[in-house]
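Structure file protein_8.cif (mmCIF, C-alpha atoms and all ligand atoms) is printed below.
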data_model
#
loop_
_atom_site.label_atom_id
_atom_site.label_comp_id
_atom_site.auth_asym_id
_atom_site.auth_seq_id
_atom_site.Cartn_x
_atom_site.Cartn_y
_atom_site.Cartn_z
CA MET Y 251 23.18 -2.92 -14.38
CA SER Y 252 20.70 -0.37 -13.09
CA ILE Y 253 17.18 -1.09 -11.96
CA TYR Y 254 14.92 1.89 -11.97
CA ILE Y 255 11.25 2.84 -12.02
CA ALA Y 256 10.36 3.21 -15.69
CA GLY Y 257 6.71 4.12 -15.08
CA THR Y 258 4.00 4.36 -12.46
CA GLY Y 259 0.21 4.31 -12.56
CA SER Y 260 -2.71 4.31 -10.20
CA TYR Y 261 -6.45 3.94 -10.19
CA LEU Y 262 -9.13 5.05 -7.75
CA PRO Y 263 -12.71 3.91 -8.28
CA GLU Y 264 -15.29 6.59 -9.06
CA ARG Y 265 -17.53 6.33 -6.02
CA ILE Y 266 -16.51 8.56 -3.10
CA LEU Y 267 -17.64 7.97 0.47
CA THR Y 268 -17.28 11.09 2.63
CA ASN Y 269 -17.14 11.36 6.39
CA ALA Y 270 -20.62 12.87 6.21
CA ASP Y 271 -21.82 9.67 4.49
CA LEU Y 272 -20.28 7.62 7.33
CA GLU Y 273 -22.13 9.69 9.92
CA LYS Y 274 -25.29 8.12 8.49
CA LEU Y 275 -23.92 4.58 8.83
CA VAL Y 276 -22.34 4.50 12.32
CA ASP Y 277 -22.10 6.61 15.46
CA THR Y 278 -19.21 8.85 14.33
CA SER Y 279 -18.57 12.41 13.21
CA ASP Y 280 -16.63 14.14 10.50
CA GLU Y 281 -14.68 15.95 13.23
CA TRP Y 282 -13.69 12.73 15.05
CA ILE Y 283 -12.47 11.13 11.84
CA ARG Y 284 -10.52 14.21 10.68
CA VAL Y 285 -8.88 14.84 14.05
CA ARG Y 286 -7.98 11.20 14.80
CA THR Y 287 -7.01 10.12 11.27
CA GLY Y 288 -6.81 13.05 8.84
CA ILE Y 289 -9.15 11.18 6.49
CA GLU Y 290 -11.90 13.19 4.75
CA GLU Y 291 -13.06 10.77 2.09
CA ARG Y 292 -12.22 7.45 0.49
CA HIS Y 293 -13.02 5.78 -2.84
CA LEU Y 294 -15.06 2.58 -3.00
CA ALA Y 295 -15.03 0.03 -5.79
CA ALA Y 296 -18.25 -0.83 -7.60
CA ARG Y 297 -19.98 -4.03 -6.52
CA ASP Y 298 -18.72 -5.95 -9.55
CA GLN Y 299 -15.23 -4.41 -9.55
CA SER Y 300 -12.40 -6.53 -8.13
CA SER Y 301 -8.88 -5.75 -6.96
CA GLY Y 302 -7.65 -7.30 -10.22
CA ASP Y 303 -9.88 -4.98 -12.28
CA MET Y 304 -8.40 -1.97 -10.50
CA ALA Y 305 -4.87 -3.35 -10.80
CA LYS Y 306 -5.35 -3.72 -14.55
CA ILE Y 307 -6.12 -0.01 -15.02
CA ALA Y 308 -3.25 1.07 -12.75
CA ALA Y 309 -0.92 -1.32 -14.64
CA GLU Y 310 -2.02 0.01 -18.06
CA ARG Y 311 -1.21 3.53 -16.89
CA ALA Y 312 2.20 2.44 -15.59
CA LEU Y 313 2.96 0.59 -18.83
CA GLU Y 314 1.99 3.68 -20.84
CA ALA Y 315 4.24 5.87 -18.67
CA ALA Y 316 7.10 3.39 -19.22
CA GLY Y 317 6.47 3.35 -22.96
CA ILE Y 318 6.09 -0.42 -23.16
CA SER Y 319 3.22 -2.91 -23.55
CA GLY Y 320 2.13 -5.93 -21.53
CA ALA Y 321 3.94 -8.16 -24.05
CA ASP Y 322 7.28 -6.67 -22.91
CA LEU Y 323 6.87 -7.76 -19.28
CA SER Y 324 8.94 -10.61 -17.89
CA ALA Y 325 7.22 -10.99 -14.49
CA ILE Y 326 4.21 -9.74 -12.54
CA ILE Y 327 3.92 -9.50 -8.75
CA VAL Y 328 0.65 -8.43 -7.13
CA ALA Y 329 0.47 -7.43 -3.47
CA SER Y 330 -3.02 -7.64 -2.02
CA THR Y 331 -4.92 -8.61 1.11
CA THR Y 332 -8.06 -8.76 -1.02
CA PRO Y 333 -7.07 -10.78 -4.09
CA ASP Y 334 -9.81 -11.72 -6.56
CA TYR Y 335 -9.61 -15.35 -5.41
CA THR Y 336 -7.58 -17.52 -3.05
CA PHE Y 337 -6.56 -19.14 -6.30
CA PRO Y 338 -5.83 -18.49 -9.12
CA ASN Y 339 -3.60 -15.61 -8.11
CA THR Y 340 -4.44 -12.10 -9.27
CA ALA Y 341 -1.11 -11.78 -11.11
CA CYS Y 342 -2.21 -14.57 -13.48
CA LEU Y 343 -5.47 -12.72 -14.15
CA LEU Y 344 -3.44 -9.61 -14.96
CA GLN Y 345 -1.09 -11.60 -17.20
CA HIS Y 346 -4.09 -12.55 -19.33
CA ALA Y 347 -5.81 -9.15 -19.17
CA LEU Y 348 -2.67 -7.26 -20.20
CA GLY Y 349 -1.83 -9.57 -23.12
CA CYS Y 350 1.48 -10.73 -21.64
CA ARG Y 351 3.63 -13.64 -22.70
CA PRO Y 352 3.50 -16.78 -20.46
CA ILE Y 353 5.65 -15.16 -17.77
CA LEU Y 354 6.32 -15.62 -14.03
CA CYS Y 355 3.23 -14.42 -12.09
CA TYR Y 356 2.61 -14.51 -8.37
CA ASP Y 357 0.80 -12.73 -5.54
CA LEU Y 358 2.50 -11.66 -2.35
CA SER Y 359 0.75 -11.39 1.00
CA ALA Y 360 2.21 -8.93 3.51
CA ALA Y 361 -0.83 -6.69 4.12
CA CYS Y 362 0.03 -2.98 3.97
CA SER Y 363 3.74 -3.77 3.58
CA GLY Y 364 2.98 -5.90 0.52
CA LEU Y 365 4.12 -3.36 -2.03
CA LEU Y 366 7.50 -2.82 -0.36
CA TYR Y 367 7.97 -6.56 0.03
CA SER Y 368 7.10 -6.94 -3.69
CA LEU Y 369 9.53 -4.23 -4.76
CA GLU Y 370 12.25 -6.01 -2.78
CA ASN Y 371 11.25 -9.28 -4.45
CA ALA Y 372 11.22 -7.75 -7.92
CA THR Y 373 14.59 -6.04 -7.60
CA SER Y 374 16.13 -9.23 -6.18
CA LEU Y 375 14.81 -11.22 -9.15
CA MET Y 376 16.14 -8.62 -11.56
CA ARG Y 377 19.54 -8.49 -9.89
CA ALA Y 378 19.79 -12.27 -9.97
CA ASN Y 379 18.76 -12.79 -13.57
CA LYS Y 380 18.92 -10.35 -16.48
CA LYS Y 381 16.06 -12.09 -18.28
CA TYR Y 382 13.76 -10.16 -15.93
CA ARG Y 383 14.10 -6.92 -17.88
CA TYR Y 384 10.68 -5.41 -17.14
CA VAL Y 385 8.78 -6.37 -13.99
CA LEU Y 386 5.31 -5.12 -13.08
CA VAL Y 387 4.61 -4.66 -9.37
CA CYS Y 388 1.03 -3.84 -8.39
CA GLY Y 389 -0.68 -3.18 -5.07
CA ALA Y 390 -4.46 -3.47 -5.31
CA GLU Y 391 -7.16 -3.58 -2.69
CA LYS Y 392 -10.92 -3.81 -2.41
CA LEU Y 393 -10.98 -3.36 1.35
CA SER Y 394 -14.62 -2.26 1.25
CA GLY Y 395 -15.43 -5.97 0.84
CA ILE Y 396 -13.80 -6.95 4.17
CA VAL Y 397 -14.72 -3.88 6.22
CA ASP Y 398 -17.46 -4.30 8.80
CA TRP Y 399 -19.68 -1.33 7.95
CA SER Y 400 -21.27 -1.51 11.41
CA ASP Y 401 -17.90 -1.19 13.26
CA ARG Y 402 -16.98 2.47 13.69
CA ASN Y 403 -13.49 1.52 14.93
CA THR Y 404 -12.48 0.29 11.49
CA CYS Y 405 -14.98 1.31 8.79
CA VAL Y 406 -13.86 4.95 8.79
CA LEU Y 407 -10.26 4.05 7.98
CA PHE Y 408 -10.15 2.14 4.72
CA GLY Y 409 -10.59 2.73 0.99
CA ASP Y 410 -10.17 0.92 -2.34
CA GLY Y 411 -7.71 1.47 -5.19
CA ALA Y 412 -4.59 0.27 -6.99
CA GLY Y 413 -1.06 1.46 -7.70
CA ALA Y 414 1.53 0.04 -10.08
CA PHE Y 415 5.24 0.26 -10.86
CA VAL Y 416 7.04 -0.90 -13.98
CA LEU Y 417 10.65 -1.63 -13.07
CA GLU Y 418 13.29 -1.78 -15.78
CA ASN Y 419 16.71 -3.38 -15.66
CA ARG Y 420 18.85 -1.16 -17.86
CA ASP Y 421 22.37 -1.75 -19.06
CA GLY Y 422 24.73 0.95 -17.83
CA GLY Y 423 23.57 4.23 -16.36
CA ASP Y 424 23.40 5.24 -12.73
CA ASP Y 425 22.71 2.60 -10.14
CA HIS Y 426 19.21 3.25 -8.81
CA LEU Y 427 19.03 0.04 -6.77
CA PRO Y 428 17.22 0.38 -3.46
CA VAL Y 429 18.71 0.05 0.00
CA SER Y 430 16.09 -1.71 2.07
CA CYS Y 431 15.25 -2.94 5.53
CA LEU Y 432 12.22 -5.21 5.75
CA GLY Y 433 11.04 -7.17 8.73
CA ALA Y 434 8.23 -8.97 10.52
CA ASN Y 435 7.16 -10.11 13.96
CA GLY Y 436 4.48 -12.80 13.97
CA SER Y 437 3.94 -12.53 17.71
CA TYR Y 438 1.71 -9.54 16.91
CA SER Y 439 -0.43 -11.51 14.45
CA ASP Y 440 -3.59 -11.01 16.53
CA THR Y 441 -3.26 -7.23 16.54
CA LEU Y 442 -4.69 -6.89 13.06
CA LYS Y 443 -6.31 -9.77 11.21
CA LEU Y 444 -9.07 -11.18 9.07
CA PRO Y 445 -10.01 -14.18 11.26
CA ALA Y 446 -11.91 -16.38 8.77
CA GLY Y 447 -11.70 -17.53 5.18
CA GLY Y 448 -8.34 -19.28 5.48
CA SER Y 449 -7.62 -22.86 6.58
CA ARG Y 450 -7.69 -21.89 10.30
CA ASN Y 451 -11.36 -20.92 10.07
CA PRO Y 452 -12.79 -21.90 6.69
CA ALA Y 453 -15.97 -20.10 5.64
CA SER Y 454 -19.06 -21.54 7.34
CA PHE Y 455 -22.44 -20.32 8.57
CA GLU Y 456 -20.80 -19.88 11.97
CA THR Y 457 -17.95 -17.67 10.66
CA VAL Y 458 -20.45 -15.52 8.81
CA GLU Y 459 -22.75 -15.27 11.83
CA LYS Y 460 -19.82 -14.25 14.04
CA ARG Y 461 -18.72 -11.61 11.49
CA MET Y 462 -15.30 -13.26 11.21
CA HIS Y 463 -14.81 -12.26 7.57
CA TYR Y 464 -14.22 -8.65 8.53
CA ILE Y 465 -11.06 -6.76 9.59
CA LYS Y 466 -10.42 -6.94 13.35
CA MET Y 467 -7.93 -4.46 14.71
CA GLU Y 468 -6.51 -3.26 18.01
CA GLY Y 469 -6.17 0.34 16.88
CA ARG Y 470 -4.16 1.81 19.74
CA GLU Y 471 -1.61 -1.04 19.75
CA THR Y 472 -1.28 -0.90 15.94
CA PHE Y 473 -0.72 2.85 16.14
CA LYS Y 474 2.26 2.55 18.49
CA LEU Y 475 3.82 -0.43 16.70
CA ALA Y 476 3.46 1.32 13.33
CA ILE Y 477 5.41 4.38 14.37
CA LYS Y 478 8.19 2.34 15.98
CA ALA Y 479 8.53 -0.01 12.98
CA MET Y 480 8.57 2.73 10.35
CA VAL Y 481 11.02 4.94 12.26
CA GLU Y 482 13.46 2.11 13.06
CA SER Y 483 13.46 0.65 9.53
CA SER Y 484 13.81 4.11 7.97
CA ASN Y 485 16.73 5.02 10.23
CA GLN Y 486 18.35 1.69 9.35
CA VAL Y 487 18.28 2.35 5.58
CA LEU Y 488 19.53 5.90 6.08
CA THR Y 489 22.43 4.60 8.17
CA ASP Y 490 23.18 1.74 5.77
CA SER Y 491 23.24 4.08 2.77
CA GLY Y 492 25.11 6.91 4.50
CA VAL Y 493 22.32 9.35 3.66
CA SER Y 494 21.13 12.03 6.08
CA PRO Y 495 17.43 12.91 6.38
CA ASP Y 496 18.00 16.34 4.78
CA GLN Y 497 19.24 14.65 1.57
CA VAL Y 498 15.92 12.84 1.10
CA ALA Y 499 13.72 14.76 -1.34
CA LEU Y 500 10.51 12.98 -0.38
CA VAL Y 501 9.38 10.46 2.22
CA ILE Y 502 6.36 8.44 1.12
CA PRO Y 503 4.96 6.57 4.10
CA HIS Y 504 2.12 4.08 4.04
CA GLN Y 505 -1.03 6.21 4.17
CA ALA Y 506 -2.89 4.85 7.20
CA ASN Y 507 -3.39 7.79 9.49
CA ARG Y 508 -2.14 11.39 9.35
CA ARG Y 509 -1.07 11.28 13.00
CA ILE Y 510 1.14 8.25 12.29
CA ILE Y 511 2.64 9.98 9.24
CA GLN Y 512 3.36 13.15 11.23
CA ALA Y 513 4.87 11.25 14.16
CA VAL Y 514 7.17 9.32 11.81
CA ALA Y 515 8.27 12.54 10.04
CA GLN Y 516 8.97 14.24 13.34
CA ARG Y 517 11.06 11.37 14.67
CA LEU Y 518 13.02 11.14 11.40
CA THR Y 519 13.56 14.93 11.56
CA VAL Y 520 12.18 15.39 8.05
CA PRO Y 521 10.26 18.65 7.55
CA PRO Y 522 6.53 18.23 6.78
CA ASP Y 523 6.87 19.62 3.23
CA ARG Y 524 9.08 16.64 2.35
CA VAL Y 525 6.62 14.03 3.58
CA PHE Y 526 3.93 12.93 1.16
CA ASP Y 527 0.41 12.71 2.51
CA ASN Y 528 -2.78 12.07 0.54
CA VAL Y 529 -4.55 10.07 3.25
CA ASN Y 530 -7.26 12.76 3.42
CA ARG Y 531 -8.50 11.81 -0.06
CA TYR Y 532 -8.13 8.04 -0.11
CA GLY Y 533 -7.95 6.68 3.45
CA ASN Y 534 -5.91 3.55 4.04
CA THR Y 535 -5.72 1.49 0.84
CA SER Y 536 -3.35 -1.08 2.40
CA ALA Y 537 -0.99 -2.64 -0.18
CA ALA Y 538 -2.05 -0.06 -2.77
CA SER Y 539 -1.33 3.03 -0.68
CA ILE Y 540 2.36 3.56 -1.46
CA GLY Y 541 1.77 2.88 -5.17
CA ILE Y 542 -1.07 5.41 -5.30
CA ALA Y 543 0.92 7.97 -3.32
CA PHE Y 544 4.05 7.47 -5.44
CA ASP Y 545 2.13 7.93 -8.68
CA ASP Y 546 0.39 10.99 -7.23
CA ALA Y 547 3.80 12.45 -6.29
CA VAL Y 548 5.20 11.80 -9.79
CA ARG Y 549 2.21 13.14 -11.70
CA SER Y 550 1.86 16.23 -9.50
CA GLY Y 551 5.56 17.07 -9.92
CA ARG Y 552 6.44 16.52 -6.24
CA LEU Y 553 8.92 13.81 -7.24
CA LYS Y 554 11.47 14.40 -10.00
CA ARG Y 555 13.98 12.14 -11.74
CA GLY Y 556 17.13 11.91 -9.66
CA ASP Y 557 15.38 12.62 -6.35
CA LEU Y 558 16.20 10.42 -3.38
CA VAL Y 559 12.96 8.89 -2.11
CA LEU Y 560 12.30 6.98 1.09
CA LEU Y 561 9.33 4.61 1.26
CA THR Y 562 8.21 3.14 4.56
CA SER Y 563 5.34 0.93 5.56
CA PHE Y 564 3.81 -1.32 8.22
CA GLY Y 565 0.92 -3.75 8.21
CA SER Y 566 -0.66 -6.87 9.57
CA GLY Y 567 1.75 -9.67 10.40
CA LEU Y 568 3.19 -7.49 11.83
CA THR Y 569 5.19 -6.63 8.73
CA TRP Y 570 7.14 -3.46 8.06
CA GLY Y 571 9.89 -1.99 5.99
CA ALA Y 572 11.71 0.95 4.48
CA MET Y 573 13.36 1.41 1.12
CA LEU Y 574 15.60 4.21 -0.13
CA PHE Y 575 16.40 4.76 -3.80
CA ARG Y 576 16.91 7.36 -6.49
CA TYR Y 577 13.84 7.93 -8.67
N1 LIG Y 601 -16.07 7.72 15.66
C1 LIG Y 601 -16.24 8.15 16.93
N2 LIG Y 601 -15.66 7.55 17.98
C2 LIG Y 601 -14.89 6.48 17.74
C3 LIG Y 601 -14.67 5.99 16.44
C4 LIG Y 601 -15.31 6.65 15.37
N3 LIG Y 601 -15.17 6.27 14.09
N4 LIG Y 601 -13.85 4.92 16.52
C5 LIG Y 601 -13.54 4.76 17.80
N5 LIG Y 601 -14.18 5.69 18.55
C6 LIG Y 601 -14.12 5.88 19.98
C7 LIG Y 601 -13.73 4.63 20.72
O1 LIG Y 601 -14.86 3.81 20.93
C8 LIG Y 601 -13.19 5.20 22.04
O2 LIG Y 601 -14.26 5.51 22.86
P1 LIG Y 601 -14.15 5.19 24.44
O3 LIG Y 601 -13.02 6.04 24.92
O4 LIG Y 601 -15.49 5.61 24.93
O5 LIG Y 601 -13.88 3.73 24.54
C9 LIG Y 601 -12.56 6.53 21.59
O6 LIG Y 601 -13.11 6.84 20.30
C10 LIG Y 601 -11.05 6.48 21.48
O7 LIG Y 601 -10.70 5.30 20.79
P2 LIG Y 601 -9.20 4.95 20.48
O8 LIG Y 601 -9.14 3.64 19.78
O9 LIG Y 601 -8.37 5.13 21.71
O10 LIG Y 601 -8.82 6.14 19.48
P3 LIG Y 601 -7.43 6.46 18.85
O11 LIG Y 601 -7.04 7.84 19.15
O12 LIG Y 601 -6.41 5.38 19.12
O13 LIG Y 601 -7.77 6.40 17.31
C11 LIG Y 601 -7.53 4.91 15.47
C12 LIG Y 601 -8.27 5.21 16.76
C13 LIG Y 601 -7.81 6.03 14.48
C14 LIG Y 601 -8.03 3.60 14.92
C15 LIG Y 601 -6.00 4.85 15.73
O14 LIG Y 601 -5.76 4.02 16.85
C16 LIG Y 601 -5.23 4.33 14.57
O15 LIG Y 601 -5.17 4.95 13.53
N6 LIG Y 601 -4.59 3.16 14.72
C17 LIG Y 601 -3.81 2.59 13.66
C18 LIG Y 601 -4.72 1.89 12.76
C19 LIG Y 601 -4.05 1.52 11.46
O16 LIG Y 601 -3.22 2.25 10.97
N7 LIG Y 601 -4.43 0.40 10.94
C20 LIG Y 601 -3.92 0.08 9.66
C21 LIG Y 601 -3.42 -1.22 9.64
S1 LIG Y 601 -2.79 -1.51 8.09
C22 LIG Y 601 -3.20 -3.08 7.54
O17 LIG Y 601 -2.38 -3.95 7.57
C23 LIG Y 601 -4.63 -3.31 7.07
#
Show how you would write the structure in this file as structure tokens.
Amino acid sequence: MSIYIAGTGSYLPERILTNADLEKLVDTSDEWIRVRTGIEERHLAARDQSSGDMAKIAAERALEAAGISGADLSAIIVASTTPDYTFPNTACLLQHALGCRPILCYDLSAACSGLLYSLENATSLMRANKKYRYVLVCGAEKLSGIVDWSDRNTCVLFGDGAGAFVLENRDGGDDHLPVSCLGANGSYSDTLKLPAGGSRNPASFETVEKRMHYIKMEGRETFKLAIKAMVESSNQVLTDSGVSPDQVALVIPHQANRRIIQAVAQRLTVPPDRVFDNVNRYGNTSAASIGIAFDDAVRSGRLKRGDLVLLTSFGSGLTWGAMLFRY
């Protein structure tokens, strides 16, 4: 049995918001944003475009790359902090939109770590039961809908988009199964959250008035925790798999902030040319970021079949993880 990535796809909405555009919205500057985050621009979904709409396009591209159709899928997992609805789940909407059979469909909530959590989930399903031959894993976000465009601490950081993987469980062949280390610590749940809209604070005039439907973040604290979590989980998978950092062809970290990416690379002793970074173009797309980056790396030739790749992420929860596998 060998589970491998049969195809990837991504989608970024057309509209681009530059740092210069943000200078007109809040008291910030292109220089501040570039120096503190590395971000130059981000893509924003159209008003009527949902996370599910973006996931559908990314999924179609991944299915095409895998050479299969929606009807071949045996499960769909969607990671998103901005699903189309609380219910039904976005995976069900995709099941219908992609013309799939009546298969297992669910969403997974782990903020920016959602895609890694979903990949772990998908490979565990596939290992446990061979009927899950092709599994679609999508990360999709319309963060522009939950960003407070009057808060300069957060509005400069985020973007919209979707990334998708088609995993295949093949008979025989090399074992491409991932080695992973995923974790969480709920004591940091206030560090990064969307305070209202759930059962703790259901939507009301008061929650809207108090701007509780927008991302709240303690940036400095998140920054430190992110580096620690990504470095520790990455070192754990390297140790567990007996792989040294110089054997890894490409590290694809969650794209939140260039300074975080560089600090992680430095601590892992991986040279900068083997660390993928497209945060300048897309900003932080949360659960979609690793999917978008992975597809970018494949389509631009940075990642080749047989390469060892290390993914690592962190997000609200706090959740984090690392995953090492052969592409
Ligand atoms: N433009 C200009 N000045 C700003 C801006 C801005 N956009 N934002 C904040 N500032 C100011 C602050 O008000 C502060 O001013 P003060 O010193 O007068 O109080 C000053 O800049 C420094 O603020 P810090 O927060 O200390 O800046 P820092 O260097 O930590 O950078 C940042 C802030 C970019 C948010 C950084 O902390 C960071 O990237 N943190 C991690 C965030 C992250 O990755 N979040 C993703 C979570 S993923 C998920 O699950 C959704």
Please provide the set of residues having any atom within 10 Å of Cys355 in chain Y, restricted to only C-alpha atoms, with same-chain residues fewer than 4 positions apart removed, written as a list in words.
->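 The residues that qualify are Ser324, Ala325, Ile326, Ile327, Val328, Asn339, Thr340, Ala341, Cys342, Leu343, Leu344, Gln345, Val385 and Leu386 of chain Y.
Each of Y:Asp523, Y:Glu273, Y:Glu482, Y:Asp545 was checked against ligand LIG 601 (chain Y) using only C-alpha atoms and all ligand atoms; the smallest atom-to-atom distance is that of Y:Glu273.
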Residues at most 9 Å from ligand LIG 601 (chain Y), using only C-alpha atoms and all ligand atoms? Could they come as a PyMOL selection string?
-> chain Y and resi 272-273+276-283+285-287+331+360-363+393+401-408+442-443+465+467-476+504-510+534-537+563-569
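Of the listed residues Y:Ala390, Y:Gln512, Y:Met462, Y:Cys431, the one whose atoms come nearest to Arg450 in chain Y is Y:Met462, with distances taken using only C-alpha atoms.
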Restricting the calculation to all atoms listed in the file, which member of Y:Ala321, Y:Ile289, Y:Leu348, Y:Ile307 is positioned closest to Gly413 in chain Y?
->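 Between Y:Ala321, Y:Ile289, Y:Leu348, Y:Ile307, the residue approaching Gly413 in chain Y most closely is Y:Ile307.
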Skipping near chain neighbours, those fewer than 6 positions away, what residues fall within 12 Å of Arg517 in chain Y using only C-alpha atoms, listed as a tab-separated table (two decimals) with C-alpha atoms, in the coordinates of the input?
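Listed below is the output, part-v9.tsv:
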chain	number	residue	atom	x	y	z
Y	477	ILE	CA	5.41	4.38	14.37
Y	478	LYS	CA	8.19	2.34	15.98
Y	479	ALA	CA	8.53	-0.01	12.98
Y	480	MET	CA	8.57	2.73	10.35
Y	481	VAL	CA	11.02	4.94	12.26
Y	482	GLU	CA	13.46	2.11	13.06
Y	484	SER	CA	13.81	4.11	7.97
Y	485	ASN	CA	16.73	5.02	10.23
Y	495	PRO	CA	17.43	12.91	6.38
Y	510	ILE	CA	1.14	8.25	12.29
Y	511	ILE	CA	2.64	9.98	9.24
re CA of Gly541 in chain Y and CA of Pro263 in chain Y: distance 14.8 Å
Skipping near chain neighbours, those fewer than 2 positions away, what residues fall within 7 Å of Met573 in chain Y using all atoms listed in the file, listed as a PyMOL selection string?
-> chain Y and resi 428-431+487+560-562+571+575
Near range 253-261 of chain Y, counting only C-alpha atoms, which residues have an atom at most 6 Å away, once you skip same-chain residues fewer than 2 positions from it, shown as a list in words?
->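 Listed by chain and then number, they are Ala308, Arg311, Ala312, Ala315, Ala316, Gly411, Ala412, Gly413, Ala414, Phe415, Val416, Leu417, Glu418, Asn419, His426, Leu427, Ile542 and Asp545 of chain Y.
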